[in-house]
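See structure below.
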Amino acid sequence: MSAVTTERKGDILVITANNPPVNALGFDVRAGLEAGIKEAQGDSTVKAVVIRCDGRTFFAGADITEFGKPLQEPGLPTVVNMIEACEKPVIAAVHGTALGGGFEVALGCHYRVAVPSAKLGLPEVKLGILPGAGGTQRLPRLAGVEVALEMATKGSPISAKQAKEYGIVDKLADEDSLTDDAIAFANDVADKRPLPVTSQMTANAEAGVFDAFRKANARKFRGFEAPEEIIQVIESTYDKPFQEGAERERQSFMKLIMGTQSAAQRHIFFAERKASKIDDVPDDIQKRDIKRVGVIGAGTMGGGISMNFLSAGIPVTIVEMSQEALDRGTGVMRKNYENTAKKGRITSDQVEKAMGLLTPTLDFDALGECDLIIEAVYENMDVKKEIFGRLDKLAKSGAILASNTSYLDINEIAASTSRPGDVVGMHFFSPANVMKLLEVVRGDKTDKDVLATVMALAKKIRKVAVVAGVCHGFIGNRMLMPRQVEANKLLMEGATPSQIDKVHVEFGMPMGPFQMADLAGVDIGWHRDPNRIEDVRDALCAEERWGQKKGAGFYDYDEKRNPSPSPRVMEIIDEWRAKTGTPQHEVSDQEIVERTLYPMVNEGALILEEGKAQRASDIDVVWIYGYGWPVYRGGPMFWADTVGLKPIVDALEKHGFTVSKLLKDKAEKGEKFN
Ligand code: 3H9
């Protein structure tokens, strides 16, 4: 079946695309659209044209898999220009998501009719590029410079209703009769002239709008190339002739698409989707039905975990040991929802709906009616084993028993039950209602349908799930360890906390190792004996420098939690440098990179070597969505490919690390991870 077909409906030519799954604008579709418009032009009995799509969505954009390959004509800008140049009115009938090139096709049409559930947007920036088929030129003309800046630099789609308010959508159709409504609209406007041609409209901008926009978003855009390029293209061309702007847009598009940032961001787009696939588990395996979730522990983690399910409409039974802890936990959840409502992201009805699905209880046996039970108590193997032993006795047959542990051995936990096949790790990241990552830890005996069920559920609660094998710290925390060890050593050898953190922040991480320690709590895992001082960390803890919560850690903090370098911490570090007789040297920023970031790559390679991650791209996904690794660097393994594995191996060996065999082999053969 061809990707594009045409059909006459009275005076109207209906052009229909059918290119599953998302009607990406690959070559066949572009050629089909071109042919459809030519047919309309050449047939004097055609009065107007409707462009629509079969399946779940209007065009979701250019076909990303074609990027980097030689372009097969007609290119998308040509097709969009041709649609706009059609002498008969062309109407886009939009449902699903009109994204990127798909939205640009709609902007090239003379009119847009959309169902209320449709979304329209320019997400190219999330792939490190900019709209390349006239979007930076047509959108400011149609909806104003400010709307265009917002949509093109942030990439979030808007609702059809919002688009109607902006003048982008001309008519909202009935949800069930889009095509008929679009045809009726086409008949109404068939004889109307002149045609509204977006590229011939003029755009205006208030003085200072561009600089104000840059300033307001400086933090968000830090490190990214595409947003600034988009601002510049719009700024320099919005009031120039369309052709001039289109040329500038093309140059910028080509520049960005050839760059490393776009390659990294496209890598993550596909990596995220690949991560949901488990190599030895068929996609169509029968999944278990999860109607109610049980959560043990109403602390920060348990509460955050519960909110994910409540927000997705899945009832939750939450269990605590004392009424006070239960009330505190549910109170925090309500407050979190209410704060979100205050920001206008959800309605107060949604707050009540979510909280209405929550059953707080002190009765552990209430978990017996749950299909999935997630344990979120503190990290202690004995406690966890005791809980799983109890769950084994009361959980219904077929219930999935999950632990939110971030380090502990899932096999050992599973062994405390008579049903290890039902046991799995579900490692959420704090704050669990916000962070996108879910590490799904596969025990030696975890059943395949349990894994598949949890992966599908993750999608439902809008998490990005990655499968990890059992090892200390799984993928993410395991790779964090060598970074912290080396950062501590560098302190002793002459670096300062701020120097090390600065290198990480400049690299694009949200914070460096010492800022992270201060945020999480320097005292986490501390032995709690102020008289036992064996290193800098013990010395800080003994002085109650436990981090931000105490107003002092590796940094000093003011009342607003603004950090400043601490003279007292430098005294302690100096004391320990002298005490241990550590030789001092000038530590360069490059040395910090080589000794804190390269060992993470090495650990990632070991994880792959041991089969604890399915693929290098899964490791990248973990670091992007769980730890704020800059997406424009594509995750640690993709980044390593861009640095070159050989220089990484050489530097690791120079600094005395034991290098993973896989990493060495790949470097020798000139191979890459991704
Ligand atoms: C662009 O348009 C540039 C132009 O300005 C200029 C050109 C000159 N291409 O996400 P899902 C695949 S840039 C190729 O799981 P959902 C995806 O990999 C583009 N493939 O579904 C997956 O494959 P698989 C701007 C694509 O329902 C399958 O479709 N547009 C594309 O959760 C299902 O995807 C975007 O950035 C594509 N464009 O979400 C939109 N899109 O099954 C990107 C998807 O083998 N797409 N695939 O793993 C999305 O945001 C989501 O896919 C969408 C559906 C919201 C549409």
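Labeling convention for the structure tokens: chains A, B, ... as they appear, residues from 1 per chain, ligands from 1 in order of appearance.
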
Quick one: contact table of chain A to ligand 1, 8 Å max, nearest atom pair and distance in Å to one decimal per residue, counting only C-alpha atoms and all ligand atoms, chain and number order, as JSON lines?
```
{"residue": "A:Pro20", "atom": "CA", "partner": "ligand 1", "partner_atom_place_in_ligand_line": "29 (O)", "distance": 7.8}
{"residue": "A:Pro21", "atom": "CA", "partner": "ligand 1", "partner_atom_place_in_ligand_line": "29 (O)", "distance": 5.4}
{"residue": "A:Val22", "atom": "CA", "partner": "ligand 1", "partner_atom_place_in_ligand_line": "29 (O)", "distance": 5.7}
{"residue": "A:Ala24", "atom": "CA", "partner": "ligand 1", "partner_atom_place_in_ligand_line": "38 (N)", "distance": 5.1}
{"residue": "A:Leu25", "atom": "CA", "partner": "ligand 1", "partner_atom_place_in_ligand_line": "38 (N)", "distance": 7.5}
{"residue": "A:Gly26", "atom": "CA", "partner": "ligand 1", "partner_atom_place_in_ligand_line": "9 (N)", "distance": 7.9}
{"residue": "A:Thr57", "atom": "CA", "partner": "ligand 1", "partner_atom_place_in_ligand_line": "56 (C)", "distance": 7.4}
{"residue": "A:Ala60", "atom": "CA", "partner": "ligand 1", "partner_atom_place_in_ligand_line": "56 (C)", "distance": 4.8}
{"residue": "A:Gly61", "atom": "CA", "partner": "ligand 1", "partner_atom_place_in_ligand_line": "2 (O)", "distance": 3.6}
{"residue": "A:Ala62", "atom": "CA", "partner": "ligand 1", "partner_atom_place_in_ligand_line": "2 (O)", "distance": 3.7}
{"residue": "A:Asp63", "atom": "CA", "partner": "ligand 1", "partner_atom_place_in_ligand_line": "9 (N)", "distance": 3.6}
{"residue": "A:Ile64", "atom": "CA", "partner": "ligand 1", "partner_atom_place_in_ligand_line": "9 (N)", "distance": 3.9}
{"residue": "A:Thr65", "atom": "CA", "partner": "ligand 1", "partner_atom_place_in_ligand_line": "14 (C)", "distance": 5.3}
{"residue": "A:Glu66", "atom": "CA", "partner": "ligand 1", "partner_atom_place_in_ligand_line": "14 (C)", "distance": 7.9}
{"residue": "A:Gly75", "atom": "CA", "partner": "ligand 1", "partner_atom_place_in_ligand_line": "8 (C)", "distance": 6.7}
{"residue": "A:Leu76", "atom": "CA", "partner": "ligand 1", "partner_atom_place_in_ligand_line": "8 (C)", "distance": 5.2}
{"residue": "A:Pro77", "atom": "CA", "partner": "ligand 1", "partner_atom_place_in_ligand_line": "8 (C)", "distance": 6.3}
{"residue": "A:Thr97", "atom": "CA", "partner": "ligand 1", "partner_atom_place_in_ligand_line": "56 (C)", "distance": 6.1}
{"residue": "A:Leu99", "atom": "CA", "partner": "ligand 1", "partner_atom_place_in_ligand_line": "30 (N)", "distance": 5.0}
{"residue": "A:Gly100", "atom": "CA", "partner": "ligand 1", "partner_atom_place_in_ligand_line": "2 (O)", "distance": 3.7}
{"residue": "A:Gly101", "atom": "CA", "partner": "ligand 1", "partner_atom_place_in_ligand_line": "2 (O)", "distance": 3.6}
{"residue": "A:Gly102", "atom": "CA", "partner": "ligand 1", "partner_atom_place_in_ligand_line": "2 (O)", "distance": 6.4}
{"residue": "A:Glu104", "atom": "CA", "partner": "ligand 1", "partner_atom_place_in_ligand_line": "5 (O)", "distance": 7.0}
{"residue": "A:Leu122", "atom": "CA", "partner": "ligand 1", "partner_atom_place_in_ligand_line": "25 (C)", "distance": 6.7}
{"residue": "A:Pro123", "atom": "CA", "partner": "ligand 1", "partner_atom_place_in_ligand_line": "36 (O)", "distance": 5.1}
{"residue": "A:Glu124", "atom": "CA", "partner": "ligand 1", "partner_atom_place_in_ligand_line": "13 (S)", "distance": 4.9}
{"residue": "A:Lys126", "atom": "CA", "partner": "ligand 1", "partner_atom_place_in_ligand_line": "36 (O)", "distance": 7.0}
{"residue": "A:Leu127", "atom": "CA", "partner": "ligand 1", "partner_atom_place_in_ligand_line": "36 (O)", "distance": 6.6}
{"residue": "A:Ile129", "atom": "CA", "partner": "ligand 1", "partner_atom_place_in_ligand_line": "3 (C)", "distance": 7.6}
{"residue": "A:Leu130", "atom": "CA", "partner": "ligand 1", "partner_atom_place_in_ligand_line": "5 (O)", "distance": 6.2}
{"residue": "A:Pro131", "atom": "CA", "partner": "ligand 1", "partner_atom_place_in_ligand_line": "5 (O)", "distance": 3.5}
{"residue": "A:Gly132", "atom": "CA", "partner": "ligand 1", "partner_atom_place_in_ligand_line": "6 (C)", "distance": 3.8}
{"residue": "A:Ala133", "atom": "CA", "partner": "ligand 1", "partner_atom_place_in_ligand_line": "6 (C)", "distance": 4.9}
{"residue": "A:Gly134", "atom": "CA", "partner": "ligand 1", "partner_atom_place_in_ligand_line": "5 (O)", "distance": 7.8}
{"residue": "A:Gly135", "atom": "CA", "partner": "ligand 1", "partner_atom_place_in_ligand_line": "5 (O)", "distance": 6.9}
{"residue": "A:Phe253", "atom": "CA", "partner": "ligand 1", "partner_atom_place_in_ligand_line": "6 (C)", "distance": 7.9}
{"residue": "A:Phe269", "atom": "CA", "partner": "ligand 1", "partner_atom_place_in_ligand_line": "18 (O)", "distance": 7.4}
{"residue": "A:Phe270", "atom": "CA", "partner": "ligand 1", "partner_atom_place_in_ligand_line": "18 (O)", "distance": 5.8}
{"residue": "A:Arg273", "atom": "CA", "partner": "ligand 1", "partner_atom_place_in_ligand_line": "48 (O)", "distance": 5.1}
{"residue": "A:Lys274", "atom": "CA", "partner": "ligand 1", "partner_atom_place_in_ligand_line": "48 (O)", "distance": 6.1}
```

Excluding stretch 301-303 of chain A and its own-chain neighbours fewer than 5 positions away, which residues fall within 9 Å of it when counting only C-alpha atoms? Please give them as a PyMOL selection string. chain A and resi 295-296+318+329-330+332-333+374-377+404+428-433

Using only C-alpha atoms, determine which residues lie at most 10 Å from A:Glu34, disregarding the query and same-chain residues fewer than 2 positions distant; provide the list as a PyMOL selection string. chain A and resi 4+28-32+36-39+74+76+78-80+82-83

Do a neighbour search on stretch 547-553 of chain A at 6 Å with only C-alpha atoms, toss out local chain neighbours closer than 5 positions, and write the hits as a JSON list (two decimals) with N, CA and C atoms, in the first residue's frame.
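around24.json written:
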```
[["chain", "number", "residue", "atom", "x", "y", "z"],
["A", 518, "ASP", "N", 26.88, 17.45, 49.59],
["A", 518, "ASP", "CA", 26.24, 18.41, 50.50],
["A", 518, "ASP", "C", 24.72, 18.36, 50.38],
["A", 519, "LEU", "N", 24.23, 18.15, 49.17],
["A", 519, "LEU", "CA", 22.78, 18.10, 48.97],
["A", 519, "LEU", "C", 22.20, 16.81, 49.56],
["A", 521, "GLY", "N", 23.59, 14.82, 51.78],
["A", 521, "GLY", "CA", 23.94, 14.63, 53.20],
["A", 521, "GLY", "C", 25.31, 13.98, 53.29],
["A", 522, "VAL", "N", 26.28, 14.74, 53.80],
["A", 522, "VAL", "CA", 27.65, 14.21, 53.91],
["A", 522, "VAL", "C", 27.65, 13.02, 54.87]]
```

What does the distance from atom CA of A:Leu491 to atom CA of A:Glu544 come to in Å, to one decimal?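 The value is 19.9 Å.
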
Can you tell me which residues surround A:Asp535 at a distance of at most 12 Å, considering only C-alpha atoms, apart from same-chain residues fewer than 6 positions away, and format the answer as JSON, numbers by chain? {"A": [488, 489, 491, 492, 526, 541, 542, 572, 573, 574, 575, 576, 577, 578, 579, 580]}

Prev. selection, C-alpha atoms, output as a PDB file, in the first residue's frame:
```pdb
ATOM      1  CA  ASN A 488      38.340  12.538  47.296  1.00  0.00           C
ATOM      2  CA  LYS A 489      41.867  11.560  46.233  1.00  0.00           C
ATOM      3  CA  LEU A 491      41.283  16.803  47.180  1.00  0.00           C
ATOM      4  CA  MET A 492      44.128  15.218  49.076  1.00  0.00           C
ATOM      5  CA  TRP A 526      28.749   7.647  58.153  1.00  0.00           C
ATOM      6  CA  CYS A 541      30.816  14.755  60.056  1.00  0.00           C
ATOM      7  CA  ALA A 542      32.376  14.988  63.522  1.00  0.00           C
ATOM      8  CA  ILE A 572      40.646  20.219  57.579  1.00  0.00           C
ATOM      9  CA  ILE A 573      41.818  19.176  54.114  1.00  0.00           C
ATOM     10  CA  ASP A 574      45.265  20.701  54.738  1.00  0.00           C
ATOM     11  CA  GLU A 575      45.466  18.895  58.058  1.00  0.00           C
ATOM     12  CA  TRP A 576      44.750  15.564  56.346  1.00  0.00           C
ATOM     13  CA  ARG A 577      47.121  16.262  53.474  1.00  0.00           C
ATOM     14  CA  ALA A 578      49.883  16.752  56.055  1.00  0.00           C
ATOM     15  CA  LYS A 579      48.805  13.834  58.241  1.00  0.00           C
ATOM     16  CA  THR A 580      48.810  11.378  55.349  1.00  0.00           C
TER      17      THR A 580
END
```

Which residue is closest to A:Asp54? Choose from A:Arg112, A:Pro315, A:Thr179, A:His527 and count only C-alpha atoms.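 Looking at the shortest contact to A:Asp54, the residue is A:Thr179.
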
A:Ile15 environment, 6 Å, only C-alpha atoms, sequence neighbours closer than 2 positions dropped, as a PDB file with N, CA and C atoms, in the first residue's frame:
```pdb
ATOM      1  N   THR A   5      -2.266   8.423  -0.499  1.00  0.00           N
ATOM      2  CA  THR A   5      -3.292   8.172  -1.515  1.00  0.00           C
ATOM      3  C   THR A   5      -4.175   9.415  -1.638  1.00  0.00           C
ATOM      4  N   THR A   6      -4.893   9.510  -2.757  1.00  0.00           N
ATOM      5  CA  THR A   6      -5.817  10.640  -2.906  1.00  0.00           C
ATOM      6  C   THR A   6      -7.215  10.113  -3.201  1.00  0.00           C
ATOM      7  N   ILE A  51      -5.369  17.814   3.599  1.00  0.00           N
ATOM      8  CA  ILE A  51      -4.280  16.871   3.888  1.00  0.00           C
ATOM      9  C   ILE A  51      -4.547  16.269   5.256  1.00  0.00           C
TER      10      ILE A  51
END
```

Per-residue nearest contacts stretch 620-649 of chain A to stretch 600-608 of chain A, cut-off 7 Å, using only C-alpha atoms, as a tab-separated table:
```
residue	atom	partner	partner_atom	distance
A:Pro636	CA	A:Val601	CA	6.1
A:Met637	CA	A:Val601	CA	6.2
A:Ala640	CA	A:Val601	CA	6.8
```

Quote the spacing between atom CA of A:Phe673 and atom CA of A:Met516 in Å to one decimal place.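 Answer for the atom CA of A:Phe673 to atom CA of A:Met516 separation: 27.9 Å.
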
Run DSSP on the backbone and grab whatever in stretch 278-355 of chain A lands in alpha helix (DSSP H); send it over as a PyMOL selection string. chain A and resi 300-311+323-342+348-355

Residue nearest A:Val197 - candidates A:Glu668, A:Glu594, A:Glu87, A:Asp538, atoms counted: only C-alpha atoms: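 Checking each candidate against A:Val197, we get A:Glu87 as the closest.
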
May I ask which of the residues A:Ala613, A:Glu543, A:Glu247, A:Ala205 is the closest one to A:Asn531, counting only C-alpha atoms?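 So, comparing all the options, the nearest one is A:Glu543.
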
Taking only C-alpha atoms into account, which of A:Gly128, A:Pro89, A:Phe221, A:Gln590 comes nearest A:His267?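 Nearest to A:His267: A:Gly128.
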
Do a neighbour search on A:Arg138 at 8 Å with only C-alpha atoms, toss out local chain neighbours closer than 2 positions, and write the hits as a short mmCIF file (atom, residue, chain, number, x, y, z; two decimals) with C-alpha atoms, in the first residue's frame.
```cif
data_model
loop_
_atom_site.label_atom_id
_atom_site.label_comp_id
_atom_site.auth_asym_id
_atom_site.auth_seq_id
_atom_site.Cartn_x
_atom_site.Cartn_y
_atom_site.Cartn_z
CA LEU A 107 1.94 25.84 8.67
CA GLY A 108 2.46 25.62 4.90
CA GLY A 134 10.26 27.05 7.27
CA GLY A 135 9.02 26.71 10.85
CA THR A 136 11.24 29.48 12.22
CA PRO A 140 6.46 34.10 14.01
CA ARG A 141 4.39 35.44 11.11
CA LEU A 142 1.30 33.47 12.08
CA THR A 198 1.74 32.52 5.92
CA SER A 199 5.11 33.31 4.35
#
```

Hey, which of A:Met479, A:Ala539, A:Leu372, A:Leu645 ends up closest to A:Leu597? Count only C-alpha atoms. A:Met479

Using DSSP secondary structure from the backbone, list all strand (DSSP E or B) positions within stretch 55-243 of chain A, as a PyMOL selection string. chain A and resi 62+90-94+97-99+111-114+119-121+158-159+171-172

C-alpha atoms of the current selection, written as a PDB file, in the first residue's frame:
```
ATOM      1  CA  ALA A  62      10.696  14.413   9.469  1.00  0.00           C
ATOM      2  CA  VAL A  90      -5.116  23.578   1.243  1.00  0.00           C
ATOM      3  CA  ILE A  91      -6.431  22.579   4.666  1.00  0.00           C
ATOM      4  CA  ALA A  92      -4.518  20.497   7.201  1.00  0.00           C
ATOM      5  CA  ALA A  93      -6.754  18.147   9.223  1.00  0.00           C
ATOM      6  CA  VAL A  94      -4.793  17.582  12.412  1.00  0.00           C
ATOM      7  CA  THR A  97       0.614  15.133  17.362  1.00  0.00           C
ATOM      8  CA  ALA A  98       1.625  17.499  14.555  1.00  0.00           C
ATOM      9  CA  LEU A  99       5.286  17.804  15.390  1.00  0.00           C
ATOM     10  CA  TYR A 111      -5.832  26.702   6.936  1.00  0.00           C
ATOM     11  CA  ARG A 112      -5.642  24.298   9.865  1.00  0.00           C
ATOM     12  CA  VAL A 113      -8.540  22.352  11.342  1.00  0.00           C
ATOM     13  CA  ALA A 114      -7.744  20.274  14.433  1.00  0.00           C
ATOM     14  CA  LYS A 119      -1.078  18.729  20.011  1.00  0.00           C
ATOM     15  CA  LEU A 120       1.148  20.894  17.844  1.00  0.00           C
ATOM     16  CA  GLY A 121       4.799  21.654  18.380  1.00  0.00           C
ATOM     17  CA  ILE A 158       0.747  23.131  22.759  1.00  0.00           C
ATOM     18  CA  SER A 159      -2.872  21.978  22.742  1.00  0.00           C
ATOM     19  CA  LYS A 171     -11.255  25.733  13.540  1.00  0.00           C
ATOM     20  CA  LEU A 172     -11.641  23.090  16.215  1.00  0.00           C
TER      21      LEU A 172
END
```

Given only C-alpha atoms as the counted atoms, nearest of A:Ala366, A:Leu310, A:Val169, A:Ile12 to A:Ala354: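 When distances to A:Ala354 are compared using only C-alpha atoms, the smallest one comes from A:Leu310.
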